[in-house]
Protein chains: 2
Amino acid sequence: MEDKKHIVVLGAGFGGLTFVQKLQHPNARITIIDRQNHHLFQPLLYQVATAGLAMPEIAEPIRTIFAKREDVQVLMDNAEAIDVKNKTVRLTQQTLHYDYLVVGLGMINSYFGNNEWAKHTIGLKSLGEARRIRQRVLHAFERAEAIQDETERKRLMTVVVVGAGPTGVEMAGALSELTKRVFKKDFRSIQPEQSRIVLVEAVDRVLTMYSESSSAKAQASLERMGVELHLGKPVEDISEGRITFGGETIEAESIIWTAGVEANPLVKDLPVEHNRKGQVSVAADCSIPGHPEVFAIGDIVDLTDPNGVRVPGVSPAAMQMGKHIAKILRKELDGQSDTRPAFTYLNKGMMATIGRSAAVAEIGKLKFSGFPAWFLWLAVHLVFLIGFRNRLAVLIQWMFAYIKYRPGARVFEKP
Amino acid sequence: MEDKKHIVVLGAGFGGLTFVQKLQHPNARITIIDRQNHHLFQPLLYQVATAGLAMPEIAEPIRTIFAKREDVQVLMDNAEAIDVKNKTVRLTQQTLHYDYLVVGLGMINSYFGNNEWAKHTIGLKSLGEARRIRQRVLHAFERAEAIQDETERKRLMTVVVVGAGPTGVEMAGALSELTKRVFKKDFRSIQPEQSRIVLVEAVDRVLTMYSESSSAKAQASLERMGVELHLGKPVEDISEGRITFGGETIEAESIIWTAGVEANPLVKDLPVEHNRKGQVSVAADCSIPGHPEVFAIGDIVDLTDPNGVRVPGVSPAAMQMGKHIAKILRKELDGQSDTRPAFTYLNKGMMATIGRSAAVAEIGKLKFSGFPAWFLWLAVHLVFLIGFRNRLAVLIQWMFAYIKYRPGARVFEKP
């Protein structure tokens with residue numbers, strides 16, 4: 001037992017999870033540490049926020065995933081410091097020594113130096129945030145129905161989404177469907193179709209990582225759904241229930257922040273170059289230069305692969321990195337010491353959904369939009385989630401509710 | 001429109017909901033008011049607390065239930081005062097005038113005059129409380145796994161349930177299965193089977209409303225499952241993480257309170273005799289003596305029916321009362337003024353489940369226990385929930401997860 005190499009994995013996101021799933025070796029024992037007790041299927045988090053899915057439907061306890069892996073110890077704890085010289089990780093209650101360290105801590109919300117904006121907005125990174133968005137939006141419409149004051153009603157029925165990347169676009173689309181369409185039959189005093197869903201973005205188009213034609217299609221879909229687009233307008237100020245951009249101020253009960261991310265601050269402990277977002281410049285094999293026993297994977301990595309492709313911060317890239325370093329370590333644990341291969345990113349395509357039967361997808365040179373892209377999105381996510389959760393029945397149920405505009409999770413606890 | 005009688009319903013529990021479902025009349029418009037946005041299927045709330053079900057699976061938005069009823073207005077608001085002289089109900093933002101009032105506000109947790117105990121315990125009346133119990137218990141075991149101190153581990157792995165009525169018995173049984181059995185495969189450092197589930201009760205037997213033989217069977221089931229029973233021991237003191245009864249003090253991370261309830265304080269506004277628990281003495285037709293336009297229904301009612309049966313505070317009784325007064329009002333709205341019939345309670349039986357394949361049920365003179373009672377419990381609840389939610393697939397999934405000891409909702413947000 002004590003001869004075994006100890007591999008410590010920080011973070012049970014797509015990268016860390018895949019790494020542990022791919023590496024099982026008689027000469028190794030693994031400890032995986034996460035702040036939460038669950039792995040989160042983040043691509044569908046906006047569905048929890050907009051009442052389409054219940055929280056347990058997109059999250060799985062990490063220790064359940066590894067229940068049969070006697071070589072894996074799961075700890076729910078905060079990593080507080082990484083000491084690469086002494087090869088230790090300090091947790092709140094203990095310090096662990098490692099032989100290999102895999103850092104997959106992911107990104108956190110970033111406010112471009114305006115940290116007080118965090119108080120007045122809700123991000124979308126965790127189940128807790130998704131629950132707060134659902135609670136905030138649903139409660140706002142309940143309050144609007146129970147009062148008479150028209151100005152206050154308007155404010156309560158306004159949601160601002162900051163940032164028009166995939167998360168912001170998906171949120172704005174889903175919010176528009178929820179408030180303008182799903183709510184329509186349910187309320188008597190207010191006119192839910194008069195709700196305002198405002199999407200604000202500093203750059204002059206949505207989904208900047210997509211081609212201009214896909215951006216334009218996504219934008220047209222959003223406009224058709226009644227989302228108010230404010231492009232090319234950086235946010236100037238946010239206070240409680242109030243946001244200013246392009247000289248204009250909007251009063252809104254709910255402000256959702258999807259505009260910026262930065263690396264988990266713990267990543268600063270790695271003795272390597274960091275970019276402006278705190279991402280680390282790893283070697284070609286994803287290790288930290290000078291520390292072949294330390295790897296960084298996932299969206300905290302700043303890497304251009306041998307093909308000249310800058311690896312994007314998306315879940316398929318994180319999973320590919322996890323698999324790549326599992327392969328490297330398997331060989332080294334076998335006692336082979338070949339030169340480590342460089343990581344190469346395989347772009348399987350990307351897609352974003354804007355609403356029922358509206359989406360954009362790009363796979364290699366192919367571009368899809370409208371119903372075909374949406375159907376592709378649905379199929380890929382269902383297959384992913386089924387593999388992940390083995391909950392076919394739940395997902396089929398969800399799909400029908402989704403198509404019929406009867407989302408099943410419209411309940412919240414009173415704040 | 002303005003000629004229509006305005007019926008105001010306070011509370012969307014089993015009584016209020018059934019009343020509105022049963023009363024649709026061209027001469028009436030209905031406003032139903034609840035503090036929450038959802039009707040809660042309370043009999044399965046302990047399953048949410050013990051990670052078997054997700055919150056939306058046992059709750060349905062009230063306005064969705066009545067989406068097609070144009071005569072029904074749903075308000076999520078707090079009723080703050082009832083004025084039977086002026087026939088008004090004051091809400092936080094407006095005051096409503098009624099022609100008929102139906103009060104079905106239900107019971108709240110009661111601490112026998114020790115209100116500070118509320119701070120140190122969690123009740124089981126709302127989704128929010130169920131979520132807090134799940135979070136508290138799951139987090140405690142995660143923390144136990146991440147530390148080395150044996151005394152602290154023991155404390156974290158101890159859960160005390162106060163009160164051995166149906167809720168307390170079901171909670172203790174489900175907690176024992178969760179911590180001793182479900183957790184067994186998942187943890188590496190702690191021995192989940194050494195968890196302590198302590199059930200404390202002032203009276204000398206569990207399930208006092210059942211026959212002595214059913215009580216004895218339930219007690220034997222609990223003991224077989226490793227629940228520590230402390231009967232005939234009233235609680236003497238509770239402070240943070242510490243409870244004293246029968247001279248003994250137990251340190252426990254989680255203390256769950258199911259020992260006492262009292263009527264919602266607003267019920268005091270009804271000008272009628274109240275018993276020690278705040279329940280109101282209604283007339284035989286469930287109206288308030290001297291105020292035929294005001295009804296009280298559900299567990300806030302203190303009533304002995306014409307057959308000499310004291311109506312119990314259970315959901316079937318509340319539903320029967322709702323139906324009864326809907327019938328009375330339908331006739332009066334038709335313009336008929338017959339003498340109102342008295343409410344008669346039809347006891348369809350009662351049952352409590354203690355764990356997988358362990359339960360007790362009493363239907364008339366028939367008594368069931370063990371697997372038959374458990375199967376009956378499952379069938380009745382599935383049928384109820386399916387009617388309620390139309391979610392057969394979800395429930396079948398849940399049933400299998402339940403039988404296989406793999407509950408599907410073991411995720412929580414970090415507190």
# chains A, B, ... in the order shown; residues from 1 in each chain; ligands from 1
call {"tool": "residues_around", "arguments": {"residues": "Ala216 of chain A", "least_positions_apart": "5", "cutoff": "12 Å", "atoms": "only C-alpha atoms", "output": "list in words"}}
result
Asp204, Arg205, Val206, Leu207, Thr208, Tyr210, Ser211, Ser221, Leu222, Glu223, Ala359, Val360 and Ser369 of chain A
call {"tool": "interface_residues", "arguments": {"of": "chain A", "to": "chain B", "cutoff": "6 Å", "atoms": "only C-alpha atoms", "output": "PyMOL selection string"}}
result
chain A and resi 56+61+63-64+67+75-76+128+142+146+185-186+393-394+409+411+413
call {"tool": "write_last_selection", "arguments": {"atoms": "N, CA and C atoms", "output": "mmCIF file, in the first residue's frame"}}
result
data_model
loop_
_atom_site.group_PDB
_atom_site.id
_atom_site.type_symbol
_atom_site.label_atom_id
_atom_site.label_comp_id
_atom_site.auth_asym_id
_atom_site.auth_seq_id
_atom_site.Cartn_x
_atom_site.Cartn_y
_atom_site.Cartn_z
ATOM 1 N N PRO A 56 -30.895 17.498 -8.719
ATOM 2 C CA PRO A 56 -30.224 16.188 -8.772
ATOM 3 C C PRO A 56 -30.161 15.599 -10.179
ATOM 4 N N PRO A 61 -23.259 12.555 -7.094
ATOM 5 C CA PRO A 61 -22.245 12.579 -6.038
ATOM 6 C C PRO A 61 -20.942 11.933 -6.525
ATOM 7 N N ARG A 63 -18.573 10.581 -4.841
ATOM 8 C CA ARG A 63 -18.235 9.297 -4.221
ATOM 9 C C ARG A 63 -19.118 8.157 -4.729
ATOM 10 N N THR A 64 -20.271 8.498 -5.259
ATOM 11 C CA THR A 64 -21.095 7.456 -5.875
ATOM 12 C C THR A 64 -20.486 7.023 -7.203
ATOM 13 N N ALA A 67 -17.770 4.664 -6.274
ATOM 14 C CA ALA A 67 -18.075 3.738 -5.172
ATOM 15 C C ALA A 67 -17.343 2.399 -5.337
ATOM 16 N N LEU A 75 -12.720 13.253 -1.239
ATOM 17 C CA LEU A 75 -12.837 14.172 -0.115
ATOM 18 C C LEU A 75 -13.562 15.438 -0.546
ATOM 19 N N MET A 76 -14.581 15.814 0.221
ATOM 20 C CA MET A 76 -15.188 17.120 0.014
ATOM 21 C C MET A 76 -14.472 18.079 0.947
ATOM 22 N N GLY A 128 -26.070 26.060 -6.412
ATOM 23 C CA GLY A 128 -26.595 27.086 -5.519
ATOM 24 C C GLY A 128 -26.965 28.349 -6.289
ATOM 25 N N GLU A 142 -44.190 36.317 -9.099
ATOM 26 C CA GLU A 142 -45.243 36.153 -8.090
ATOM 27 C C GLU A 142 -45.536 37.481 -7.404
ATOM 28 N N ALA A 146 -48.989 40.066 -7.336
ATOM 29 C CA ALA A 146 -49.669 40.386 -6.075
ATOM 30 C C ALA A 146 -49.732 41.883 -5.782
ATOM 31 N N LYS A 185 -50.157 31.311 -19.532
ATOM 32 C CA LYS A 185 -51.443 30.737 -19.108
ATOM 33 C C LYS A 185 -51.648 30.836 -17.600
ATOM 34 N N ASP A 186 -50.557 31.084 -16.872
ATOM 35 C CA ASP A 186 -50.619 30.913 -15.424
ATOM 36 C C ASP A 186 -51.040 32.162 -14.666
ATOM 37 N N ALA A 393 -35.544 7.568 -18.302
ATOM 38 C CA ALA A 393 -36.960 7.925 -18.107
ATOM 39 C C ALA A 393 -37.113 9.385 -17.724
ATOM 40 N N VAL A 394 -36.272 9.834 -16.807
ATOM 41 C CA VAL A 394 -36.340 11.219 -16.368
ATOM 42 C C VAL A 394 -36.122 12.157 -17.555
ATOM 43 N N ALA A 409 -40.018 22.038 -13.080
ATOM 44 C CA ALA A 409 -39.351 22.387 -11.820
ATOM 45 C C ALA A 409 -39.639 23.825 -11.397
ATOM 46 N N VAL A 411 -40.845 25.261 -8.948
ATOM 47 C CA VAL A 411 -41.096 25.492 -7.530
ATOM 48 C C VAL A 411 -39.860 26.107 -6.902
ATOM 49 N N GLU A 413 -38.295 27.711 -2.861
ATOM 50 C CA GLU A 413 -38.530 28.003 -1.454
ATOM 51 C C GLU A 413 -38.600 29.504 -1.317
#
call {"tool": "atom_distance", "arguments": {"atom1": "atom CA of Val102 of chain A", "atom2": "atom CA of Asp338 of chain A"}}
result
19.9 Å
call {"tool": "closest_residue", "arguments": {"among": "A:Gln42, A:Asp3, A:Ala284, A:Ser176", "to": "Thr339 of chain A", "atoms": "only C-alpha atoms"}}
result
A:Ala284
call {"tool": "atom_distance", "arguments": {"atom1": "atom CA of Leu346 of chain B", "atom2": "atom CA of Asn275 of chain B"}}
result
23.3 Å
call {"tool": "select_by_dssp", "arguments": {"residues": "segment 128-161 of chain A", "states": "strand (DSSP E or B)", "output": "list in words"}}
result
Thr158, Val159, Val160 and Val161 of chain A
call {"tool": "residues_around", "arguments": {"residues": "Thr151 of chain B", "least_positions_apart": "4", "cutoff": "12 Å", "atoms": "only C-alpha atoms", "output": "list of chain:residue names"}}
result
B:Ala144, B:Ile147, B:Arg155, B:Leu156, B:Met157, B:Thr158, B:Glu251, B:Ala252, B:Glu253
call {"tool": "write_last_selection", "arguments": {"atoms": "C-alpha atoms", "output": "PDB file, in the first residue's frame"}}
result
ATOM      1  CA  ALA B 144     -16.508  13.187   9.039  1.00  0.00           C
ATOM      2  CA  ILE B 147     -11.095  14.609   9.377  1.00  0.00           C
ATOM      3  CA  ARG B 155     -20.649  13.713  16.729  1.00  0.00           C
ATOM      4  CA  LEU B 156     -20.928  14.419  13.016  1.00  0.00           C
ATOM      5  CA  MET B 157     -22.331  10.942  12.409  1.00  0.00           C
ATOM      6  CA  THR B 158     -25.099  11.340  15.013  1.00  0.00           C
ATOM      7  CA  GLU B 251     -23.887  15.648  21.081  1.00  0.00           C
ATOM      8  CA  ALA B 252     -25.233  15.571  17.542  1.00  0.00           C
ATOM      9  CA  GLU B 253     -24.537  17.577  14.414  1.00  0.00           C
TER      10      GLU B 253
END
call {"tool": "closest_residue", "arguments": {"among": "A:Met350, A:Val84, A:Leu303, A:Ala296", "to": "Pro316 of chain A", "atoms": "only C-alpha atoms"}}
result
A:Met350
call {"tool": "decode", "arguments": {"residues": "segment 227-348 of chain A", "atoms": "C-alpha atoms", "output": "mmCIF file, in the first residue's frame"}}
result
data_model
loop_
_atom_site.group_PDB
_atom_site.id
_atom_site.type_symbol
_atom_site.label_atom_id
_atom_site.label_comp_id
_atom_site.auth_asym_id
_atom_site.auth_seq_id
_atom_site.Cartn_x
_atom_site.Cartn_y
_atom_site.Cartn_z
ATOM 1 C CA VAL A 227 -34.870 39.359 -26.226
ATOM 2 C CA GLU A 228 -33.631 42.983 -26.142
ATOM 3 C CA LEU A 229 -30.055 42.972 -27.423
ATOM 4 C CA HIS A 230 -27.568 45.655 -26.427
ATOM 5 C CA LEU A 231 -24.319 44.807 -28.227
ATOM 6 C CA GLY A 232 -21.063 46.748 -28.149
ATOM 7 C CA LYS A 233 -21.995 48.185 -24.757
ATOM 8 C CA PRO A 234 -19.655 47.450 -21.856
ATOM 9 C CA VAL A 235 -21.267 47.567 -18.424
ATOM 10 C CA GLU A 236 -20.457 50.817 -16.642
ATOM 11 C CA ASP A 237 -22.010 50.256 -13.261
ATOM 12 C CA ILE A 238 -24.106 47.824 -11.261
ATOM 13 C CA SER A 239 -25.813 48.514 -7.950
ATOM 14 C CA GLU A 240 -28.735 46.768 -6.245
ATOM 15 C CA GLY A 241 -31.459 46.268 -8.858
ATOM 16 C CA ARG A 242 -29.861 48.704 -11.289
ATOM 17 C CA ILE A 243 -27.423 48.374 -14.188
ATOM 18 C CA THR A 244 -25.854 51.048 -16.413
ATOM 19 C CA PHE A 245 -24.348 50.473 -19.873
ATOM 20 C CA GLY A 246 -23.924 52.803 -22.866
ATOM 21 C CA GLY A 247 -25.173 55.682 -20.728
ATOM 22 C CA GLU A 248 -28.514 53.955 -20.184
ATOM 23 C CA THR A 249 -29.696 52.708 -16.773
ATOM 24 C CA ILE A 250 -32.160 49.846 -16.408
ATOM 25 C CA GLU A 251 -33.979 48.924 -13.213
ATOM 26 C CA ALA A 252 -34.258 45.164 -12.918
ATOM 27 C CA GLU A 253 -35.099 42.791 -10.083
ATOM 28 C CA SER A 254 -32.780 40.123 -11.498
ATOM 29 C CA ILE A 255 -29.295 40.685 -12.942
ATOM 30 C CA ILE A 256 -27.436 37.590 -14.112
ATOM 31 C CA TRP A 257 -23.683 37.707 -14.646
ATOM 32 C CA THR A 258 -22.103 35.509 -17.315
ATOM 33 C CA ALA A 259 -19.637 38.072 -18.659
ATOM 34 C CA GLY A 260 -16.298 37.064 -17.261
ATOM 35 C CA VAL A 261 -14.342 34.245 -15.696
ATOM 36 C CA GLU A 262 -10.901 33.863 -14.211
ATOM 37 C CA ALA A 263 -8.906 30.908 -12.923
ATOM 38 C CA ASN A 264 -9.515 29.639 -9.394
ATOM 39 C CA PRO A 265 -7.153 31.742 -7.228
ATOM 40 C CA LEU A 266 -5.361 28.640 -5.947
ATOM 41 C CA VAL A 267 -3.860 28.221 -9.413
ATOM 42 C CA LYS A 268 -1.598 31.169 -8.517
ATOM 43 C CA ASP A 269 0.357 28.742 -6.298
ATOM 44 C CA LEU A 270 1.712 27.024 -9.398
ATOM 45 C CA PRO A 271 5.208 28.441 -10.184
ATOM 46 C CA VAL A 272 4.549 29.208 -13.824
ATOM 47 C CA GLU A 273 3.504 32.044 -16.060
ATOM 48 C CA HIS A 274 -0.144 33.146 -15.711
ATOM 49 C CA ASN A 275 -2.100 35.166 -18.244
ATOM 50 C CA ARG A 276 -4.491 38.011 -17.483
ATOM 51 C CA LYS A 277 -7.280 35.572 -16.648
ATOM 52 C CA GLY A 278 -4.995 33.626 -14.311
ATOM 53 C CA GLN A 279 -4.673 30.703 -16.713
ATOM 54 C CA VAL A 280 -1.344 28.848 -16.613
ATOM 55 C CA SER A 281 1.125 28.283 -19.469
ATOM 56 C CA VAL A 282 1.680 24.539 -19.283
ATOM 57 C CA ALA A 283 4.236 22.470 -21.206
ATOM 58 C CA ALA A 284 3.085 20.580 -24.297
ATOM 59 C CA ASP A 285 2.164 17.504 -22.176
ATOM 60 C CA CYS A 286 0.030 19.671 -19.792
ATOM 61 C CA SER A 287 2.652 19.528 -16.999
ATOM 62 C CA ILE A 288 4.073 22.544 -15.217
ATOM 63 C CA PRO A 289 7.520 23.405 -16.649
ATOM 64 C CA GLY A 290 10.194 22.119 -14.251
ATOM 65 C CA HIS A 291 7.603 20.007 -12.386
ATOM 66 C CA PRO A 292 6.807 16.964 -14.492
ATOM 67 C CA GLU A 293 4.851 15.544 -11.528
ATOM 68 C CA VAL A 294 2.337 18.435 -11.613
ATOM 69 C CA PHE A 295 -0.302 18.756 -14.318
ATOM 70 C CA ALA A 296 -2.911 21.404 -15.010
ATOM 71 C CA ILE A 297 -5.946 20.548 -17.125
ATOM 72 C CA GLY A 298 -9.225 22.058 -18.246
ATOM 73 C CA ASP A 299 -10.117 25.703 -18.699
ATOM 74 C CA ILE A 300 -7.396 26.965 -16.327
ATOM 75 C CA VAL A 301 -4.857 26.072 -19.006
ATOM 76 C CA ASP A 302 -3.416 28.494 -21.570
ATOM 77 C CA LEU A 303 -2.098 26.204 -24.301
ATOM 78 C CA THR A 304 -1.603 26.246 -28.045
ATOM 79 C CA ASP A 305 -1.247 22.706 -29.326
ATOM 80 C CA PRO A 306 1.311 21.451 -31.924
ATOM 81 C CA ASN A 307 -1.237 22.126 -34.679
ATOM 82 C CA GLY A 308 -1.296 25.767 -33.692
ATOM 83 C CA VAL A 309 -4.798 25.474 -32.200
ATOM 84 C CA ARG A 310 -5.430 27.413 -29.028
ATOM 85 C CA VAL A 311 -7.232 24.917 -26.784
ATOM 86 C CA PRO A 312 -10.636 26.382 -25.823
ATOM 87 C CA GLY A 313 -12.040 26.271 -22.283
ATOM 88 C CA VAL A 314 -14.808 23.796 -23.074
ATOM 89 C CA SER A 315 -15.686 20.475 -21.479
ATOM 90 C CA PRO A 316 -14.557 18.236 -24.398
ATOM 91 C CA ALA A 317 -11.075 19.819 -24.188
ATOM 92 C CA ALA A 318 -10.925 19.186 -20.421
ATOM 93 C CA MET A 319 -11.964 15.563 -20.912
ATOM 94 C CA GLN A 320 -9.373 15.066 -23.648
ATOM 95 C CA MET A 321 -6.662 16.484 -21.376
ATOM 96 C CA GLY A 322 -7.733 14.189 -18.525
ATOM 97 C CA LYS A 323 -7.494 11.217 -20.846
ATOM 98 C CA HIS A 324 -4.141 12.380 -22.225
ATOM 99 C CA ILE A 325 -2.387 12.647 -18.866
ATOM 100 C CA ALA A 326 -3.958 9.386 -17.655
ATOM 101 C CA LYS A 327 -2.203 7.711 -20.607
ATOM 102 C CA ILE A 328 1.117 9.368 -19.717
ATOM 103 C CA LEU A 329 0.897 8.346 -16.064
ATOM 104 C CA ARG A 330 -0.177 4.803 -16.874
ATOM 105 C CA LYS A 331 3.070 4.303 -18.781
ATOM 106 C CA GLU A 332 5.183 5.885 -16.075
ATOM 107 C CA LEU A 333 3.516 3.770 -13.388
ATOM 108 C CA ASP A 334 4.330 0.745 -15.558
ATOM 109 C CA GLY A 335 7.979 1.790 -15.282
ATOM 110 C CA GLN A 336 8.341 2.981 -18.855
ATOM 111 C CA SER A 337 9.950 6.369 -19.277
ATOM 112 C CA ASP A 338 9.299 7.321 -22.880
ATOM 113 C CA THR A 339 9.245 10.933 -23.883
ATOM 114 C CA ARG A 340 5.808 12.280 -23.044
ATOM 115 C CA PRO A 341 3.631 13.050 -26.060
ATOM 116 C CA ALA A 342 2.235 16.537 -26.575
ATOM 117 C CA PHE A 343 -1.478 17.126 -26.067
ATOM 118 C CA THR A 344 -3.423 17.689 -29.286
ATOM 119 C CA TYR A 345 -6.943 19.063 -29.201
ATOM 120 C CA LEU A 346 -9.545 17.360 -31.325
ATOM 121 C CA ASN A 347 -12.328 19.818 -32.080
ATOM 122 C CA LYS A 348 -15.516 17.789 -32.230
#
